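Heads up, entry_24.cif below (mmCIF, N, CA and C atoms):
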```cif
data_data
loop_
_atom_site.label_atom_id
_atom_site.label_comp_id
_atom_site.auth_asym_id
_atom_site.auth_seq_id
_atom_site.Cartn_x
_atom_site.Cartn_y
_atom_site.Cartn_z
N MET A 28 -79.37 108.82 128.18
CA MET A 28 -79.35 107.74 129.13
C MET A 28 -80.35 106.68 128.69
N ASP A 29 -80.02 105.46 128.95
CA ASP A 29 -80.89 104.36 128.55
C ASP A 29 -81.70 103.87 129.74
N PHE A 30 -83.01 104.08 129.68
CA PHE A 30 -83.90 103.62 130.73
C PHE A 30 -84.78 102.48 130.25
N SER A 31 -84.36 101.77 129.19
CA SER A 31 -85.19 100.71 128.63
C SER A 31 -85.43 99.58 129.63
N TYR A 32 -84.53 99.40 130.59
CA TYR A 32 -84.71 98.35 131.59
C TYR A 32 -85.94 98.61 132.46
N LEU A 33 -86.47 99.82 132.43
CA LEU A 33 -87.64 100.14 133.24
C LEU A 33 -88.94 99.65 132.61
N ASP A 34 -88.90 99.27 131.32
CA ASP A 34 -90.12 98.79 130.67
C ASP A 34 -90.73 97.63 131.44
N ASP A 35 -89.92 96.66 131.83
CA ASP A 35 -90.43 95.51 132.58
C ASP A 35 -90.97 95.95 133.93
N TRP A 36 -90.30 96.89 134.56
CA TRP A 36 -90.73 97.39 135.86
C TRP A 36 -92.12 98.02 135.77
N ILE A 37 -92.34 98.86 134.78
CA ILE A 37 -93.63 99.53 134.61
C ILE A 37 -94.71 98.52 134.26
N GLU A 38 -94.38 97.52 133.44
CA GLU A 38 -95.37 96.56 132.97
C GLU A 38 -95.73 95.51 134.01
N GLU A 39 -94.96 95.38 135.09
CA GLU A 39 -95.22 94.36 136.10
C GLU A 39 -96.51 94.59 136.86
N GLY A 40 -97.00 95.79 136.92
CA GLY A 40 -98.18 96.08 137.74
C GLY A 40 -97.78 96.25 139.18
N THR A 41 -98.76 96.44 140.05
CA THR A 41 -98.46 96.71 141.45
C THR A 41 -99.08 95.72 142.40
N GLY A 42 -99.74 94.73 141.87
CA GLY A 42 -100.47 93.83 142.75
C GLY A 42 -101.88 94.34 142.98
N ALA A 43 -102.12 95.61 142.71
CA ALA A 43 -103.45 96.19 142.86
C ALA A 43 -104.13 96.28 141.50
N GLY A 44 -103.61 95.60 140.51
CA GLY A 44 -104.17 95.67 139.16
C GLY A 44 -103.19 96.31 138.22
N GLU A 45 -103.43 96.17 136.98
CA GLU A 45 -102.54 96.75 135.98
C GLU A 45 -102.73 98.26 135.88
N ILE A 46 -101.70 98.94 135.45
CA ILE A 46 -101.80 100.37 135.21
C ILE A 46 -102.63 100.55 133.96
N GLU A 47 -103.64 101.39 134.06
CA GLU A 47 -104.51 101.61 132.91
C GLU A 47 -103.96 102.73 132.06
N GLU A 48 -104.03 102.54 130.74
CA GLU A 48 -103.65 103.61 129.85
C GLU A 48 -104.84 104.52 129.66
N ILE A 49 -104.63 105.81 129.81
CA ILE A 49 -105.67 106.79 129.60
C ILE A 49 -105.11 107.84 128.65
N GLY A 50 -105.71 107.96 127.48
CA GLY A 50 -105.22 108.94 126.52
C GLY A 50 -103.78 108.67 126.16
N ASP A 51 -102.95 109.68 126.32
CA ASP A 51 -101.54 109.57 125.95
C ASP A 51 -100.65 109.14 127.10
N GLY A 52 -101.21 108.92 128.29
CA GLY A 52 -100.34 108.63 129.42
C GLY A 52 -100.88 107.52 130.29
N TYR A 53 -100.08 107.14 131.25
CA TYR A 53 -100.48 106.14 132.22
C TYR A 53 -101.09 106.83 133.41
N ARG A 54 -101.96 106.14 134.08
CA ARG A 54 -102.64 106.72 135.24
C ARG A 54 -101.81 106.45 136.49
N ASN A 55 -100.90 107.34 136.77
CA ASN A 55 -100.14 107.22 138.00
C ASN A 55 -99.55 108.56 138.41
N ILE A 56 -99.15 108.63 139.67
CA ILE A 56 -98.52 109.83 140.23
C ILE A 56 -97.11 109.44 140.63
N TRP A 57 -96.16 110.29 140.26
CA TRP A 57 -94.77 110.06 140.63
C TRP A 57 -94.34 111.11 141.65
N VAL A 58 -93.52 110.67 142.60
CA VAL A 58 -92.92 111.59 143.57
C VAL A 58 -91.41 111.46 143.46
N ALA A 59 -90.75 112.57 143.11
CA ALA A 59 -89.29 112.61 143.07
C ALA A 59 -88.81 112.88 144.49
N ALA A 60 -88.23 111.88 145.12
CA ALA A 60 -87.82 111.99 146.52
C ALA A 60 -86.38 112.46 146.62
N GLU A 61 -86.17 113.48 147.43
CA GLU A 61 -84.82 114.03 147.59
C GLU A 61 -84.06 113.31 148.70
N VAL A 62 -82.81 112.97 148.38
CA VAL A 62 -81.92 112.30 149.33
C VAL A 62 -80.74 113.23 149.63
N VAL A 63 -80.49 113.45 150.91
CA VAL A 63 -79.35 114.26 151.34
C VAL A 63 -78.60 113.46 152.41
N ASN A 64 -77.31 113.29 152.21
CA ASN A 64 -76.48 112.53 153.15
C ASN A 64 -77.06 111.14 153.43
N ASP A 65 -77.45 110.45 152.36
CA ASP A 65 -77.97 109.09 152.45
C ASP A 65 -79.26 108.97 153.26
N THR A 66 -80.01 110.07 153.35
CA THR A 66 -81.27 110.08 154.10
C THR A 66 -82.34 110.79 153.28
N LEU A 67 -83.55 110.23 153.32
CA LEU A 67 -84.68 110.91 152.68
C LEU A 67 -85.05 112.14 153.49
N LEU A 68 -85.30 113.24 152.80
CA LEU A 68 -85.76 114.43 153.52
C LEU A 68 -87.18 114.22 154.02
N PRO A 69 -87.53 114.76 155.18
CA PRO A 69 -88.91 114.65 155.66
C PRO A 69 -89.92 115.18 154.65
N ALA A 70 -89.55 116.20 153.89
CA ALA A 70 -90.47 116.74 152.87
C ALA A 70 -90.76 115.70 151.79
N ALA A 71 -89.81 114.84 151.49
CA ALA A 71 -90.03 113.78 150.50
C ALA A 71 -91.06 112.78 151.01
N LEU A 72 -90.96 112.43 152.29
CA LEU A 72 -91.91 111.49 152.87
C LEU A 72 -93.30 112.12 152.96
N ALA A 73 -93.36 113.39 153.31
CA ALA A 73 -94.64 114.08 153.37
C ALA A 73 -95.29 114.15 151.99
N THR A 74 -94.48 114.41 150.98
CA THR A 74 -94.99 114.46 149.60
C THR A 74 -95.50 113.09 149.17
N MET A 75 -94.79 112.04 149.55
CA MET A 75 -95.24 110.68 149.21
C MET A 75 -96.59 110.39 149.87
N GLY A 76 -96.74 110.82 151.12
CA GLY A 76 -98.01 110.63 151.81
C GLY A 76 -99.15 111.37 151.12
N GLN A 77 -98.87 112.58 150.67
CA GLN A 77 -99.89 113.35 149.94
C GLN A 77 -100.22 112.70 148.60
N ALA A 78 -99.20 112.16 147.94
CA ALA A 78 -99.43 111.46 146.67
C ALA A 78 -100.32 110.25 146.88
N ARG A 79 -100.10 109.52 147.97
CA ARG A 79 -100.92 108.35 148.28
C ARG A 79 -102.39 108.75 148.45
N GLU A 80 -102.62 109.83 149.22
CA GLU A 80 -104.00 110.31 149.42
C GLU A 80 -104.64 110.72 148.10
N LEU A 81 -103.90 111.46 147.29
CA LEU A 81 -104.42 111.90 146.00
C LEU A 81 -104.67 110.71 145.08
N ALA A 82 -103.75 109.77 145.06
CA ALA A 82 -103.89 108.58 144.22
C ALA A 82 -105.15 107.79 144.60
N ASP A 83 -105.39 107.66 145.89
CA ASP A 83 -106.59 106.96 146.35
C ASP A 83 -107.86 107.69 145.94
N GLN A 84 -107.82 109.02 146.00
CA GLN A 84 -108.99 109.81 145.64
C GLN A 84 -109.35 109.71 144.16
N ILE A 85 -108.33 109.65 143.31
CA ILE A 85 -108.62 109.64 141.87
C ILE A 85 -108.43 108.27 141.22
N GLY A 86 -108.09 107.27 142.04
CA GLY A 86 -108.02 105.90 141.56
C GLY A 86 -106.83 105.57 140.68
N VAL A 87 -105.64 106.04 141.08
CA VAL A 87 -104.42 105.75 140.32
C VAL A 87 -103.37 105.17 141.27
N HIS A 88 -102.21 104.86 140.75
CA HIS A 88 -101.10 104.33 141.55
C HIS A 88 -100.13 105.46 141.91
N ALA A 89 -99.43 105.28 143.03
CA ALA A 89 -98.41 106.24 143.48
C ALA A 89 -97.04 105.56 143.40
N TYR A 90 -96.10 106.23 142.77
CA TYR A 90 -94.75 105.71 142.60
C TYR A 90 -93.74 106.69 143.17
N GLY A 91 -92.74 106.17 143.85
CA GLY A 91 -91.63 106.99 144.30
C GLY A 91 -90.48 106.89 143.31
N LEU A 92 -89.71 107.95 143.18
CA LEU A 92 -88.52 107.97 142.32
C LEU A 92 -87.33 108.32 143.19
N LEU A 93 -86.31 107.49 143.13
CA LEU A 93 -85.07 107.73 143.88
C LEU A 93 -83.90 107.76 142.90
N PHE A 94 -83.19 108.86 142.91
CA PHE A 94 -81.98 109.00 142.12
C PHE A 94 -80.82 109.13 143.08
N GLY A 95 -79.72 108.45 142.79
CA GLY A 95 -78.53 108.59 143.63
C GLY A 95 -77.65 107.37 143.52
N GLU A 96 -76.70 107.31 144.42
CA GLU A 96 -75.79 106.17 144.48
C GLU A 96 -76.01 105.48 145.82
N GLY A 97 -76.32 104.18 145.77
CA GLY A 97 -76.57 103.42 146.98
C GLY A 97 -77.87 103.79 147.68
N VAL A 98 -78.88 104.19 146.91
CA VAL A 98 -80.13 104.67 147.51
C VAL A 98 -81.22 103.60 147.61
N GLU A 99 -80.95 102.40 147.14
CA GLU A 99 -81.98 101.36 147.14
C GLU A 99 -82.61 101.11 148.52
N PRO A 100 -81.86 101.09 149.62
CA PRO A 100 -82.49 100.88 150.93
C PRO A 100 -83.52 101.95 151.30
N LEU A 101 -83.44 103.11 150.68
CA LEU A 101 -84.38 104.19 150.99
C LEU A 101 -85.75 103.99 150.35
N ALA A 102 -85.89 102.94 149.55
CA ALA A 102 -87.19 102.64 148.96
C ALA A 102 -88.19 102.20 150.02
N THR A 103 -87.72 101.52 151.05
CA THR A 103 -88.60 101.00 152.09
C THR A 103 -89.42 102.09 152.79
N PRO A 104 -88.81 103.20 153.21
CA PRO A 104 -89.63 104.26 153.82
C PRO A 104 -90.65 104.85 152.86
N LEU A 105 -90.31 104.95 151.58
CA LEU A 105 -91.28 105.49 150.61
C LEU A 105 -92.48 104.56 150.48
N ILE A 106 -92.24 103.26 150.52
CA ILE A 106 -93.34 102.30 150.47
C ILE A 106 -94.18 102.43 151.74
N ALA A 107 -93.52 102.60 152.87
CA ALA A 107 -94.24 102.78 154.13
C ALA A 107 -95.12 104.02 154.12
N TYR A 108 -94.71 105.04 153.38
CA TYR A 108 -95.48 106.28 153.28
C TYR A 108 -96.48 106.26 152.13
N GLY A 109 -96.60 105.13 151.43
CA GLY A 109 -97.68 105.01 150.47
C GLY A 109 -97.33 104.68 149.04
N ALA A 110 -96.07 104.54 148.70
CA ALA A 110 -95.71 104.21 147.32
C ALA A 110 -96.14 102.78 147.00
N ASP A 111 -96.76 102.60 145.83
CA ASP A 111 -97.07 101.26 145.36
C ASP A 111 -95.78 100.57 144.93
N LYS A 112 -94.91 101.34 144.31
CA LYS A 112 -93.59 100.87 143.88
C LYS A 112 -92.64 102.05 143.95
N VAL A 113 -91.35 101.73 143.96
CA VAL A 113 -90.33 102.77 143.94
C VAL A 113 -89.36 102.46 142.81
N LEU A 114 -89.17 103.43 141.95
CA LEU A 114 -88.20 103.34 140.87
C LEU A 114 -86.87 103.85 141.41
N VAL A 115 -85.85 103.00 141.38
CA VAL A 115 -84.53 103.37 141.88
C VAL A 115 -83.58 103.47 140.70
N VAL A 116 -83.02 104.65 140.52
CA VAL A 116 -82.00 104.87 139.50
C VAL A 116 -80.70 105.06 140.27
N ASP A 117 -79.98 103.95 140.42
CA ASP A 117 -78.77 103.93 141.24
C ASP A 117 -77.56 104.01 140.33
N ASP A 118 -76.95 105.18 140.31
CA ASP A 118 -75.82 105.41 139.42
C ASP A 118 -74.95 106.50 140.03
N PRO A 119 -73.63 106.36 139.96
CA PRO A 119 -72.75 107.38 140.52
C PRO A 119 -72.96 108.78 139.94
N VAL A 120 -73.49 108.85 138.72
CA VAL A 120 -73.71 110.17 138.11
C VAL A 120 -74.75 110.97 138.90
N PHE A 121 -75.60 110.27 139.67
CA PHE A 121 -76.63 110.95 140.46
C PHE A 121 -76.23 111.09 141.93
N ALA A 122 -74.96 110.86 142.26
CA ALA A 122 -74.50 110.93 143.65
C ALA A 122 -74.71 112.32 144.25
N GLY A 123 -74.56 113.34 143.49
CA GLY A 123 -74.82 114.71 143.94
C GLY A 123 -75.75 115.38 142.94
N TYR A 124 -76.54 116.31 143.41
CA TYR A 124 -77.50 116.97 142.52
C TYR A 124 -76.77 117.83 141.49
N GLN A 125 -76.94 117.45 140.24
CA GLN A 125 -76.44 118.22 139.10
C GLN A 125 -77.67 118.54 138.26
N PRO A 126 -78.11 119.78 138.26
CA PRO A 126 -79.39 120.12 137.63
C PRO A 126 -79.57 119.58 136.22
N GLU A 127 -78.61 119.75 135.35
CA GLU A 127 -78.80 119.35 133.97
C GLU A 127 -78.90 117.83 133.83
N VAL A 128 -78.15 117.08 134.60
CA VAL A 128 -78.20 115.62 134.56
C VAL A 128 -79.57 115.14 135.04
N TYR A 129 -80.04 115.69 136.14
CA TYR A 129 -81.34 115.30 136.69
C TYR A 129 -82.47 115.66 135.73
N VAL A 130 -82.41 116.85 135.14
CA VAL A 130 -83.47 117.28 134.22
C VAL A 130 -83.54 116.36 133.01
N ILE A 131 -82.40 116.03 132.45
CA ILE A 131 -82.38 115.13 131.28
C ILE A 131 -82.97 113.77 131.65
N ALA A 132 -82.53 113.22 132.77
CA ALA A 132 -83.01 111.90 133.19
C ALA A 132 -84.51 111.93 133.47
N MET A 133 -84.97 112.91 134.23
CA MET A 133 -86.40 113.00 134.55
C MET A 133 -87.23 113.22 133.30
N ALA A 134 -86.77 114.08 132.42
CA ALA A 134 -87.52 114.35 131.19
C ALA A 134 -87.65 113.09 130.35
N GLU A 135 -86.58 112.32 130.23
CA GLU A 135 -86.64 111.07 129.47
C GLU A 135 -87.63 110.10 130.08
N LEU A 136 -87.62 109.98 131.40
CA LEU A 136 -88.56 109.07 132.07
C LEU A 136 -90.00 109.54 131.88
N VAL A 137 -90.25 110.83 132.05
CA VAL A 137 -91.61 111.36 131.91
C VAL A 137 -92.10 111.20 130.47
N GLU A 138 -91.25 111.49 129.51
CA GLU A 138 -91.66 111.34 128.11
C GLU A 138 -91.92 109.89 127.75
N GLN A 139 -91.16 108.97 128.32
CA GLN A 139 -91.33 107.57 127.99
C GLN A 139 -92.54 106.95 128.69
N TYR A 140 -92.73 107.25 129.98
CA TYR A 140 -93.77 106.58 130.76
C TYR A 140 -95.02 107.42 131.02
N ARG A 141 -94.96 108.70 130.73
CA ARG A 141 -96.11 109.60 130.74
C ARG A 141 -96.95 109.56 132.02
N PRO A 142 -96.36 109.81 133.19
CA PRO A 142 -97.18 109.85 134.40
C PRO A 142 -98.20 110.98 134.30
N GLU A 143 -99.30 110.78 134.97
CA GLU A 143 -100.36 111.79 134.97
C GLU A 143 -99.93 113.03 135.76
N ILE A 144 -99.25 112.78 136.89
CA ILE A 144 -98.83 113.87 137.78
C ILE A 144 -97.42 113.55 138.28
N VAL A 145 -96.57 114.58 138.35
CA VAL A 145 -95.25 114.45 138.97
C VAL A 145 -95.19 115.46 140.11
N LEU A 146 -94.96 114.96 141.31
CA LEU A 146 -94.85 115.82 142.48
C LEU A 146 -93.41 115.87 142.97
N MET A 147 -93.04 117.03 143.48
CA MET A 147 -91.71 117.19 144.08
C MET A 147 -91.87 117.91 145.40
N PRO A 148 -91.07 117.52 146.38
CA PRO A 148 -91.18 118.19 147.68
C PRO A 148 -90.75 119.65 147.60
N ALA A 149 -91.26 120.43 148.52
CA ALA A 149 -90.85 121.83 148.63
C ALA A 149 -89.50 121.83 149.34
N SER A 150 -88.47 121.57 148.56
CA SER A 150 -87.11 121.47 149.08
C SER A 150 -86.18 122.16 148.09
N VAL A 151 -84.92 122.20 148.40
CA VAL A 151 -83.96 122.82 147.49
C VAL A 151 -84.01 122.14 146.13
N LEU A 152 -83.95 120.80 146.12
CA LEU A 152 -83.99 120.07 144.85
C LEU A 152 -85.31 120.30 144.14
N GLY A 153 -86.42 120.14 144.84
CA GLY A 153 -87.73 120.31 144.22
C GLY A 153 -87.94 121.71 143.66
N ASN A 154 -87.53 122.71 144.42
CA ASN A 154 -87.69 124.10 143.97
C ASN A 154 -86.81 124.43 142.77
N ASP A 155 -85.71 123.73 142.62
CA ASP A 155 -84.82 123.95 141.48
C ASP A 155 -85.20 123.08 140.29
N LEU A 156 -85.51 121.82 140.56
CA LEU A 156 -85.76 120.86 139.49
C LEU A 156 -87.13 121.05 138.82
N ALA A 157 -88.16 121.35 139.59
CA ALA A 157 -89.52 121.44 139.04
C ALA A 157 -89.63 122.44 137.89
N PRO A 158 -89.19 123.68 138.03
CA PRO A 158 -89.32 124.60 136.91
C PRO A 158 -88.43 124.23 135.72
N ARG A 159 -87.27 123.67 136.00
CA ARG A 159 -86.38 123.24 134.90
C ARG A 159 -87.05 122.11 134.10
N LEU A 160 -87.64 121.15 134.82
CA LEU A 160 -88.31 120.04 134.16
C LEU A 160 -89.53 120.53 133.39
N ALA A 161 -90.30 121.40 134.00
CA ALA A 161 -91.47 121.94 133.32
C ALA A 161 -91.08 122.67 132.03
N GLN A 162 -90.02 123.43 132.08
CA GLN A 162 -89.57 124.15 130.88
C GLN A 162 -89.12 123.16 129.81
N ARG A 163 -88.39 122.14 130.20
CA ARG A 163 -87.89 121.16 129.23
C ARG A 163 -89.03 120.38 128.58
N LEU A 164 -90.08 120.10 129.36
CA LEU A 164 -91.22 119.34 128.84
C LEU A 164 -92.28 120.22 128.18
N ASN A 165 -92.04 121.53 128.23
CA ASN A 165 -93.02 122.50 127.70
C ASN A 165 -94.34 122.43 128.43
#
```
Starting from the file, lay out its structure as structure tokens.
Amino acid sequence: MDFSYLDDWIEEGTGAGEIEEIGDGYRNIWVAAEVVNDTLLPAALATMGQARELADQIGVHAYGLLFGEGVEPLATPLIAYGADKVLVVDDPVFAGYQPEVYVIAMAELVEQYRPEIVLMPASVLGNDLAPRLAQRLN
């Protein structure tokens, strides 16, 4: 998958200053938010809130990640819960959770943008995707 269009998004900053490069990665926390029936799960919002608190404590940015079809309007609640920005990957291929498709996409994004921390809600998607992603990224 080609995520090169995200380069400009990452480089834009957040209004709170530029993302600082530290070592091999960028200083930010990502939250993979789960969407079911066109609605964010409460666990996704809770995870975003926790990411905001952690980001403030360690001085980094918090980003939400939304995968799906027609999910762009769901970025607003993530921002309300503390996201500095929300990355929206709006594509029909992400309309339903397909483990291998999600793992490939997430792994490519993590390898390219090197977030410091990736959080996932304690949900069906998070419990399935987190170990798969960890294994793929070693």
Straight-line distance linking atom C of A:Ala102 with atom C of A:Arg163, stated in Å to one decimal
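Taking atom C of A:Ala102 as the start and atom C of A:Arg163 as the end point, the length is 28.1 Å.
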For A:Pro119, the nearest of the candidates A:Gly76, A:Gly95, A:Pro142, A:Pro100, counting all atoms listed in the file
A:Gly95
I would like the residues chosen by the PyMOL selection byres ((chain A and resi 79) around 8) on the shown file; could you give them as a PyMOL selection string?
chain A and resi 56+73-78+80-85+88-90+108-111
Separation of atom C of A:Leu156 from atom CA of A:Leu114 in Å:
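Separation of atom CA of A:Leu114 and atom C of A:Leu156: 17.9 Å.
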Can you turn the PyMOL selection byres (((chain A and resi 66-69 and name CA) around 12) and name CA) into a concrete residue list for this file, as JSON, numbers by chain?
{"A": [59, 60, 61, 62, 63, 64, 65, 70, 71, 72, 73, 74, 75, 76, 91, 92, 93, 94, 95, 96, 97, 98, 99, 100, 101, 102, 103, 104, 105, 108, 147, 148, 149, 150, 151, 152, 153]}
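Atom N of A:Leu164 sits 10.5 Å away from atom C of A:Glu138.
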Using only N, CA and C atoms, pick whichever of A:Asp155, A:Tyr140, A:Asn165, A:Tyr124 has the shortest atom-to-atom distance to A:Arg54.
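Of all the options, A:Tyr140 lies closest to A:Arg54.
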Those of chain A in DSSP helix (DSSP H, G or I), formatted as a ChimeraX atom specification:
/A:33-38,69-85,99-107,119-121,126-140,151-164
I need the strand (DSSP E) residues of chain A per DSSP on the backbone, written as a ChimeraX atom specification.
/A:48-49,52-53,55-60,62-63,66-67,88-95,112-117,144-146
As lines of an AutoDock Vina configuration file, please report the centre and edge lengths, rounded to one decimal in Å, of the axis-aligned box that holds all listed atoms of stretch 83-90 of chain A with 6 Å of padding on each of the six sides.
```
center_x = -101.5
center_y = 107.1
center_z = 143.3
size_x = 27.6
size_y = 17.5
size_z = 18.0
```
How would stretch 70-79 of chain A look with all heavy atoms restored, written as a short mmCIF file (atom, residue, chain, number, x, y, z; two decimals), keeping the file's coordinate frame?
```cif
data_model
loop_
_atom_site.label_atom_id
_atom_site.label_comp_id
_atom_site.auth_asym_id
_atom_site.auth_seq_id
_atom_site.Cartn_x
_atom_site.Cartn_y
_atom_site.Cartn_z
N ALA A 70 -89.55 116.20 153.89
CA ALA A 70 -90.47 116.74 152.87
C ALA A 70 -90.76 115.70 151.79
O ALA A 70 -91.87 115.67 151.24
CB ALA A 70 -89.88 118.00 152.24
N ALA A 71 -89.81 114.84 151.49
CA ALA A 71 -90.03 113.78 150.50
C ALA A 71 -91.06 112.78 151.01
O ALA A 71 -91.94 112.33 150.26
CB ALA A 71 -88.71 113.08 150.16
N LEU A 72 -90.96 112.43 152.29
CA LEU A 72 -91.91 111.49 152.87
C LEU A 72 -93.30 112.12 152.96
O LEU A 72 -94.31 111.45 152.69
CB LEU A 72 -91.42 111.03 154.25
CG LEU A 72 -90.11 110.25 154.25
CD1 LEU A 72 -89.63 110.00 155.67
CD2 LEU A 72 -90.25 108.96 153.47
N ALA A 73 -93.36 113.39 153.31
CA ALA A 73 -94.64 114.08 153.37
C ALA A 73 -95.29 114.15 151.99
O ALA A 73 -96.50 113.94 151.84
CB ALA A 73 -94.46 115.48 153.95
N THR A 74 -94.48 114.41 150.98
CA THR A 74 -94.99 114.46 149.60
C THR A 74 -95.50 113.09 149.17
O THR A 74 -96.53 112.97 148.51
CB THR A 74 -93.90 114.98 148.64
OG1 THR A 74 -93.45 116.25 149.10
CG2 THR A 74 -94.44 115.12 147.23
N MET A 75 -94.79 112.04 149.55
CA MET A 75 -95.24 110.68 149.21
C MET A 75 -96.59 110.39 149.87
O MET A 75 -97.48 109.80 149.26
CB MET A 75 -94.19 109.66 149.66
CG MET A 75 -94.42 108.25 149.18
SD MET A 75 -94.08 108.05 147.41
CE MET A 75 -95.73 107.85 146.78
N GLY A 76 -96.74 110.82 151.12
CA GLY A 76 -98.01 110.63 151.81
C GLY A 76 -99.15 111.37 151.12
O GLY A 76 -100.26 110.84 150.98
N GLN A 77 -98.87 112.58 150.67
CA GLN A 77 -99.89 113.35 149.94
C GLN A 77 -100.22 112.70 148.60
O GLN A 77 -101.38 112.67 148.18
CB GLN A 77 -99.42 114.79 149.73
CG GLN A 77 -99.33 115.60 151.00
CD GLN A 77 -100.70 115.76 151.65
OE1 GLN A 77 -101.67 116.12 151.00
NE2 GLN A 77 -100.77 115.48 152.94
N ALA A 78 -99.20 112.16 147.94
CA ALA A 78 -99.43 111.46 146.67
C ALA A 78 -100.32 110.25 146.88
O ALA A 78 -101.20 109.95 146.07
CB ALA A 78 -98.10 111.05 146.04
N ARG A 79 -100.10 109.52 147.97
CA ARG A 79 -100.92 108.35 148.28
C ARG A 79 -102.39 108.75 148.45
O ARG A 79 -103.29 108.12 147.92
CB ARG A 79 -100.40 107.67 149.56
CG ARG A 79 -101.25 106.53 150.09
CD ARG A 79 -101.07 105.22 149.32
NE ARG A 79 -101.98 105.15 148.19
CZ ARG A 79 -101.69 104.54 147.04
NH1 ARG A 79 -100.54 103.95 146.83
NH2 ARG A 79 -102.56 104.50 146.07
#
```
